[in-house]
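Peer 1: This one is upload03.pdb, PDB, N, CA and C atoms.
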ATOM      1  N   MET A   8     127.632 108.993  67.013
ATOM      2  CA  MET A   8     127.154 108.203  68.119
ATOM      3  C   MET A   8     128.344 107.795  68.981
ATOM      4  N   THR A   9     128.134 107.750  70.289
ATOM      5  CA  THR A   9     129.177 107.357  71.229
ATOM      6  C   THR A   9     128.698 106.154  72.034
ATOM      7  N   VAL A  10     129.592 105.221  72.265
ATOM      8  CA  VAL A  10     129.304 104.054  73.093
ATOM      9  C   VAL A  10     130.330 104.017  74.212
ATOM     10  N   ALA A  11     129.853 103.973  75.461
ATOM     11  CA  ALA A  11     130.736 103.880  76.623
ATOM     12  C   ALA A  11     130.326 102.689  77.460
ATOM     13  N   THR A  12     131.291 101.909  77.891
ATOM     14  CA  THR A  12     131.020 100.738  78.728
ATOM     15  C   THR A  12     131.693 100.940  80.074
ATOM     16  N   TYR A  13     130.933 100.665  81.138
ATOM     17  CA  TYR A  13     131.406 100.843  82.511
ATOM     18  C   TYR A  13     131.222  99.552  83.290
ATOM     19  N   GLN A  14     132.135  99.280  84.213
ATOM     20  CA  GLN A  14     131.991  98.155  85.125
ATOM     21  C   GLN A  14     131.060  98.578  86.254
ATOM     22  N   VAL A  15     130.184  97.654  86.659
ATOM     23  CA  VAL A  15     129.237  97.913  87.736
ATOM     24  C   VAL A  15     129.442  96.856  88.815
ATOM     25  N   GLU A  16     129.637  97.310  90.041
ATOM     26  CA  GLU A  16     129.826  96.385  91.156
ATOM     27  C   GLU A  16     128.501  96.142  91.874
ATOM     28  N   GLY A  17     128.279  94.892  92.266
ATOM     29  CA  GLY A  17     127.132  94.564  93.095
ATOM     30  C   GLY A  17     125.977  93.881  92.382
ATOM     31  N   MET A  18     125.992  93.808  91.060
ATOM     32  CA  MET A  18     124.888  93.157  90.339
ATOM     33  C   MET A  18     125.014  91.643  90.467
ATOM     34  N   THR A  19     123.883  90.991  90.793
ATOM     35  CA  THR A  19     123.912  89.537  90.964
ATOM     36  C   THR A  19     122.776  88.798  90.273
ATOM     37  N   CYS A  20     121.767  89.532  89.746
ATOM     38  CA  CYS A  20     120.594  88.834  89.201
ATOM     39  C   CYS A  20     119.888  89.684  88.146
ATOM     40  N   GLY A  21     118.823  89.127  87.607
ATOM     41  CA  GLY A  21     118.037  89.818  86.594
ATOM     42  C   GLY A  21     117.406  91.100  87.101
ATOM     43  N   HIS A  22     117.021  91.131  88.365
ATOM     44  CA  HIS A  22     116.461  92.356  88.938
ATOM     45  C   HIS A  22     117.506  93.469  88.913
ATOM     46  N   CYS A  23     118.746  93.138  89.194
ATOM     47  CA  CYS A  23     119.838  94.110  89.146
ATOM     48  C   CYS A  23     119.956  94.693  87.743
ATOM     49  N   VAL A  24     119.895  93.830  86.750
ATOM     50  CA  VAL A  24     119.988  94.253  85.359
ATOM     51  C   VAL A  24     118.851  95.219  85.037
ATOM     52  N   SER A  25     117.643  94.875  85.447
ATOM     53  CA  SER A  25     116.484  95.728  85.185
ATOM     54  C   SER A  25     116.618  97.084  85.854
ATOM     55  N   ALA A  26     117.061  97.100  87.102
ATOM     56  CA  ALA A  26     117.194  98.347  87.842
ATOM     57  C   ALA A  26     118.227  99.269  87.192
ATOM     58  N   VAL A  27     119.374  98.723  86.811
ATOM     59  CA  VAL A  27     120.419  99.530  86.182
ATOM     60  C   VAL A  27     119.948 100.016  84.806
ATOM     61  N   THR A  28     119.329  99.150  84.042
ATOM     62  CA  THR A  28     118.821  99.521  82.721
ATOM     63  C   THR A  28     117.834 100.670  82.820
ATOM     64  N   GLU A  29     116.909 100.565  83.763
ATOM     65  CA  GLU A  29     115.882 101.590  83.928
ATOM     66  C   GLU A  29     116.474 102.937  84.333
ATOM     67  N   GLU A  30     117.334 102.940  85.348
ATOM     68  CA  GLU A  30     117.889 104.207  85.846
ATOM     69  C   GLU A  30     118.820 104.870  84.837
ATOM     70  N   VAL A  31     119.689 104.101  84.204
ATOM     71  CA  VAL A  31     120.605 104.674  83.221
ATOM     72  C   VAL A  31     119.817 105.156  81.995
ATOM     73  N   GLY A  32     118.771 104.440  81.644
ATOM     74  CA  GLY A  32     117.932 104.838  80.516
ATOM     75  C   GLY A  32     117.233 106.172  80.717
ATOM     76  N   ARG A  33     117.090 106.597  81.962
ATOM     77  CA  ARG A  33     116.453 107.877  82.275
ATOM     78  C   ARG A  33     117.393 109.074  82.133
ATOM     79  N   VAL A  34     118.679 108.831  82.004
ATOM     80  CA  VAL A  34     119.648 109.928  81.892
ATOM     81  C   VAL A  34     119.443 110.647  80.553
ATOM     82  N   ALA A  35     119.345 111.963  80.605
ATOM     83  CA  ALA A  35     119.150 112.770  79.395
ATOM     84  C   ALA A  35     120.269 112.508  78.395
ATOM     85  N   GLY A  36     119.883 112.238  77.154
ATOM     86  CA  GLY A  36     120.846 112.017  76.091
ATOM     87  C   GLY A  36     121.160 110.564  75.818
ATOM     88  N   VAL A  37     120.793 109.676  76.745
ATOM     89  CA  VAL A  37     121.055 108.245  76.556
ATOM     90  C   VAL A  37     120.042 107.692  75.553
ATOM     91  N   SER A  38     120.536 107.046  74.512
ATOM     92  CA  SER A  38     119.649 106.471  73.504
ATOM     93  C   SER A  38     119.578 104.949  73.571
ATOM     94  N   GLY A  39     120.501 104.332  74.315
ATOM     95  CA  GLY A  39     120.490 102.884  74.452
ATOM     96  C   GLY A  39     121.272 102.434  75.670
ATOM     97  N   VAL A  40     120.769 101.366  76.309
ATOM     98  CA  VAL A  40     121.435 100.797  77.487
ATOM     99  C   VAL A  40     121.432  99.286  77.326
ATOM    100  N   GLN A  41     122.590  98.685  77.506
ATOM    101  CA  GLN A  41     122.703  97.232  77.476
ATOM    102  C   GLN A  41     123.503  96.816  78.702
ATOM    103  N   VAL A  42     122.914  95.968  79.548
ATOM    104  CA  VAL A  42     123.586  95.507  80.756
ATOM    105  C   VAL A  42     123.970  94.047  80.573
ATOM    106  N   ASP A  43     125.227  93.732  80.868
ATOM    107  CA  ASP A  43     125.739  92.367  80.777
ATOM    108  C   ASP A  43     126.047  91.899  82.197
ATOM    109  N   LEU A  44     125.179  91.051  82.734
ATOM    110  CA  LEU A  44     125.335  90.577  84.114
ATOM    111  C   LEU A  44     126.623  89.780  84.285
ATOM    112  N   ALA A  45     126.929  88.913  83.342
ATOM    113  CA  ALA A  45     128.129  88.074  83.455
ATOM    114  C   ALA A  45     129.405  88.916  83.498
ATOM    115  N   ALA A  46     129.450  89.963  82.686
ATOM    116  CA  ALA A  46     130.624  90.840  82.646
ATOM    117  C   ALA A  46     130.547  91.941  83.695
ATOM    118  N   LYS A  47     129.386  92.043  84.361
ATOM    119  CA  LYS A  47     129.146  93.113  85.347
ATOM    120  C   LYS A  47     129.444  94.469  84.724
ATOM    121  N   ALA A  48     128.791  94.703  83.566
ATOM    122  CA  ALA A  48     129.043  95.923  82.811
ATOM    123  C   ALA A  48     127.751  96.508  82.252
ATOM    124  N   VAL A  49     127.781  97.816  82.046
ATOM    125  CA  VAL A  49     126.679  98.514  81.390
ATOM    126  C   VAL A  49     127.269  99.280  80.212
ATOM    127  N   THR A  50     126.650  99.138  79.053
ATOM    128  CA  THR A  50     127.068  99.846  77.861
ATOM    129  C   THR A  50     126.007 100.889  77.548
ATOM    130  N   VAL A  51     126.452 102.129  77.401
ATOM    131  CA  VAL A  51     125.566 103.271  77.193
ATOM    132  C   VAL A  51     125.827 103.846  75.811
ATOM    133  N   THR A  52     124.761 104.012  75.037
ATOM    134  CA  THR A  52     124.854 104.609  73.710
ATOM    135  C   THR A  52     124.202 105.985  73.748
ATOM    136  N   SER A  53     124.848 106.951  73.089
ATOM    137  CA  SER A  53     124.320 108.315  73.042
ATOM    138  C   SER A  53     124.843 109.007  71.791
ATOM    139  N   GLU A  54     124.178 110.089  71.404
ATOM    140  CA  GLU A  54     124.626 110.858  70.242
ATOM    141  C   GLU A  54     125.941 111.576  70.540
ATOM    142  N   THR A  55     126.082 112.087  71.763
ATOM    143  CA  THR A  55     127.305 112.752  72.210
ATOM    144  C   THR A  55     127.716 112.127  73.534
ATOM    145  N   PRO A  56     128.972 112.266  73.938
ATOM    146  CA  PRO A  56     129.399 111.680  75.207
ATOM    147  C   PRO A  56     128.554 112.192  76.383
ATOM    148  N   ILE A  57     128.226 111.286  77.294
ATOM    149  CA  ILE A  57     127.469 111.609  78.501
ATOM    150  C   ILE A  57     128.467 111.749  79.650
ATOM    151  N   ASP A  58     128.277 112.756  80.475
ATOM    152  CA  ASP A  58     129.136 112.970  81.640
ATOM    153  C   ASP A  58     129.103 111.731  82.527
ATOM    154  N   ARG A  59     130.266 111.214  82.847
ATOM    155  CA  ARG A  59     130.369 110.008  83.680
ATOM    156  C   ARG A  59     129.624 110.175  85.009
ATOM    157  N   ALA A  60     129.618 111.377  85.564
ATOM    158  CA  ALA A  60     128.948 111.618  86.841
ATOM    159  C   ALA A  60     127.450 111.338  86.740
ATOM    160  N   LEU A  61     126.854 111.591  85.590
ATOM    161  CA  LEU A  61     125.428 111.319  85.400
ATOM    162  C   LEU A  61     125.155 109.824  85.370
ATOM    163  N   ILE A  62     126.026 109.080  84.709
ATOM    164  CA  ILE A  62     125.879 107.621  84.660
ATOM    165  C   ILE A  62     126.121 107.049  86.050
ATOM    166  N   ASP A  63     127.134 107.560  86.736
ATOM    167  CA  ASP A  63     127.443 107.114  88.093
ATOM    168  C   ASP A  63     126.242 107.334  89.010
ATOM    169  N   ALA A  64     125.634 108.517  88.945
ATOM    170  CA  ALA A  64     124.481 108.831  89.789
ATOM    171  C   ALA A  64     123.312 107.893  89.499
ATOM    172  N   ALA A  65     123.099 107.551  88.239
ATOM    173  CA  ALA A  65     122.014 106.642  87.869
ATOM    174  C   ALA A  65     122.268 105.237  88.406
ATOM    175  N   VAL A  66     123.510 104.780  88.308
ATOM    176  CA  VAL A  66     123.857 103.442  88.811
ATOM    177  C   VAL A  66     123.704 103.400  90.329
ATOM    178  N   VAL A  67     124.117 104.450  91.020
ATOM    179  CA  VAL A  67     123.959 104.538  92.475
ATOM    180  C   VAL A  67     122.471 104.547  92.832
ATOM    181  N   GLU A  68     121.672 105.281  92.078
ATOM    182  CA  GLU A  68     120.222 105.324  92.316
ATOM    183  C   GLU A  68     119.608 103.927  92.187
ATOM    184  N   ALA A  69     120.160 103.121  91.295
ATOM    185  CA  ALA A  69     119.689 101.748  91.112
ATOM    186  C   ALA A  69     120.152 100.836  92.246
ATOM    187  N   GLY A  70     121.124 101.304  93.046
ATOM    188  CA  GLY A  70     121.587 100.523  94.186
ATOM    189  C   GLY A  70     122.936  99.858  94.010
ATOM    190  N   TYR A  71     123.701 100.300  93.012
ATOM    191  CA  TYR A  71     124.977  99.658  92.706
ATOM    192  C   TYR A  71     126.072 100.708  92.590
ATOM    193  N   GLU A  72     127.293 100.273  92.297
ATOM    194  CA  GLU A  72     128.419 101.200  92.186
ATOM    195  C   GLU A  72     129.071 101.069  90.823
ATOM    196  N   LEU A  73     129.435 102.212  90.261
ATOM    197  CA  LEU A  73     130.171 102.248  89.016
ATOM    198  C   LEU A  73     131.647 102.096  89.363
ATOM    199  N   ALA A  74     132.289 101.080  88.784
ATOM    200  CA  ALA A  74     133.689 100.805  89.112
ATOM    201  C   ALA A  74     134.653 101.560  88.212
ATOM    202  N   GLY A  75     134.355 101.673  86.928
ATOM    203  CA  GLY A  75     135.273 102.370  86.035
ATOM    204  C   GLY A  75     134.842 102.273  84.601
ATOM    205  N   ALA A  76     135.399 103.140  83.785
ATOM    206  CA  ALA A  76     135.122 103.103  82.351
ATOM    207  C   ALA A  76     135.998 102.036  81.717
ATOM    208  N   ILE A  77     135.408 101.197  80.911
ATOM    209  CA  ILE A  77     136.154 100.172  80.203
ATOM    210  C   ILE A  77     136.553 100.707  78.829
ATOM    211  N   GLU A  78     135.600 101.358  78.144
ATOM    212  CA  GLU A  78     135.832 101.710  76.753
ATOM    213  C   GLU A  78     134.892 102.842  76.350
ATOM    214  N   LEU A  79     135.380 103.754  75.538
ATOM    215  CA  LEU A  79     134.572 104.834  74.988
ATOM    216  C   LEU A  79     134.886 104.920  73.508
ATOM    217  N   LEU A  80     133.898 104.612  72.664
ATOM    218  CA  LEU A  80     134.129 104.556  71.222
ATOM    219  C   LEU A  80     133.112 105.379  70.458
ATOM    220  N   PRO A  81     133.543 106.223  69.534
ATOM    221  CA  PRO A  81     132.586 106.881  68.645
ATOM    222  C   PRO A  81     132.109 105.855  67.620
ATOM    223  N   GLN A  82     130.846 105.882  67.283
ATOM    224  CA  GLN A  82     130.287 104.926  66.334
ATOM    225  C   GLN A  82     129.768 105.674  65.109
ATOM    226  N   ALA A  83     129.942 105.086  63.947
ATOM    227  CA  ALA A  83     129.480 105.707  62.715
ATOM    228  C   ALA A  83     127.962 105.634  62.608
ATOM    229  N   GLY A  84     127.346 104.653  63.219
ATOM    230  CA  GLY A  84     125.895 104.481  63.138
ATOM    231  C   GLY A  84     125.529 103.072  63.483
ATOM    232  N   GLY A  85     124.253 102.819  63.549
ATOM    233  CA  GLY A  85     123.779 101.480  63.845
ATOM    234  C   GLY A  85     123.470 101.306  65.300
ATOM    235  N   SER A  86     123.112 100.118  65.654
ATOM    236  CA  SER A  86     122.694  99.799  67.009
ATOM    237  C   SER A  86     123.901  99.491  67.893
ATOM    238  N   CYS A  87     123.769  99.754  69.175
ATOM    239  CA  CYS A  87     124.865  99.465  70.101
ATOM    240  C   CYS A  87     125.122  97.979  70.215
ATOM    241  N   CYS A  88     124.088  97.171  70.011
ATOM    242  CA  CYS A  88     124.271  95.728  70.178
ATOM    243  C   CYS A  88     124.172  94.981  68.846
ATOM    244  N   GLY A  89     123.910  95.712  67.791
ATOM    245  CA  GLY A  89     123.839  95.073  66.481
ATOM    246  C   GLY A  89     122.499  94.455  66.161
ATOM    247  N   SER A  90     121.609  94.344  67.162
ATOM    248  CA  SER A  90     120.313  93.722  66.921
ATOM    249  C   SER A  90     119.212  94.728  66.711
ATOM    250  N   GLY A  91     119.473  95.994  67.058
ATOM    251  CA  GLY A  91     118.440  97.011  66.953
ATOM    252  C   GLY A  91     117.444  96.966  68.071
ATOM    253  N   GLY A  92     117.645  96.077  69.034
ATOM    254  CA  GLY A  92     116.694  95.900  70.126
ATOM    255  C   GLY A  92     117.076  96.594  71.407
ATOM    256  N   CYS A  93     117.919  97.595  71.341
ATOM    257  CA  CYS A  93     118.346  98.294  72.562
ATOM    258  C   CYS A  93     117.213  99.090  73.155
ATOM    259  N   HIS A  94     117.224  99.260  74.465
ATOM    260  CA  HIS A  94     116.185 100.034  75.157
ATOM    261  C   HIS A  94     116.731 101.387  75.474
TER     262      HIS A  94
END
Will you turn the file into structure tokens for me?

Peer 2:
Amino acid sequence: MTVATYQVEGMTCGHCVSAVTEEVGRVAGVSGVQVDLAAKAVTVTSETPIDRALIDAAVVEAGYELAGAIELLPQAGGSCCGSGGCH
């Protein structure tokens, strides 16, 4: 499993979080999306690394901009957020 976190510019409210979550969740191969409004970040979980251009296109489709990759970590297993409640 791979977890990648990206900074997102322009998010200001819960609607922003929903829009980014929905669009990134539609990207083929994405198994989990967690958006942190306070950190202005989106964390993407997948079995294999997802091309950054696909995540960028999804964030743009939601109406925002991808600023940069913060972290890319392979995971042994489990949930991206530890709660099992990822979408």

Peer 1: Using the chain letters and numbers from the file, which residues does the PyMOL selection byres ((chain A and resi 69) around 8) grab, as a list in words?

Peer 2: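 Applied to this file, the PyMOL selection byres ((chain A and resi 69) around 8) returns Cys23, Ser25, Ala26, Val27, Thr28, Glu29, Glu30, Val31, Asp63, Ala64, Ala65, Val66, Val67, Glu68, Gly70, Tyr71 and Glu72 of chain A.
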
Peer 1: Atom C of Glu54 (chain A) to atom N of Leu73 (chain A): how many Å, to one decimal?

Peer 2: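 Atom N of Leu73 (chain A) lies 22.1 Å from atom C of Glu54 (chain A).
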
Peer 1: Work out how far apart atom N of Cys20 (chain A) and atom N of Ala48 (chain A) are and give it in Å to one decimal.

Peer 2: 10.7 Å

Peer 1: Using all atoms listed in the file, which of A:Ala74, A:Ile57, A:Val51, A:Met8 sits nearest Ala35 (chain A)?

Peer 2: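 Using all atoms listed in the file, the shortest distance to Ala35 (chain A) belongs to A:Ile57.
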
Peer 1: Using Å and a single decimal, report how far atom C of Leu44 (chain A) sits from atom N of Glu16 (chain A).

Peer 2: 9.9 Å

Peer 1: Give the answer as one residue: which of A:Val24, A:Ser53, A:Thr19, A:Ala11 has the shortest atom-to-atom distance to Ser38 (chain A), using all atoms listed in the file?

Peer 2: A:Ser53

Peer 1: Near Val40 (chain A), counting only N, CA and C atoms, which residues have an atom at most 7 Å away, once you skip same-chain residues fewer than 3 positions from it, shown as a PyMOL selection string?

Peer 2: chain A and resi 28+31-32+37+49-52+93-94

Peer 1: Of the candidates A:His22, A:Val34, A:Val15, A:Ala60, which one gets nearest to Ala46 (chain A) if we count all atoms listed in the file?

Peer 2: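 When distances to Ala46 (chain A) are compared using all atoms listed in the file, the smallest one comes from A:Val15.
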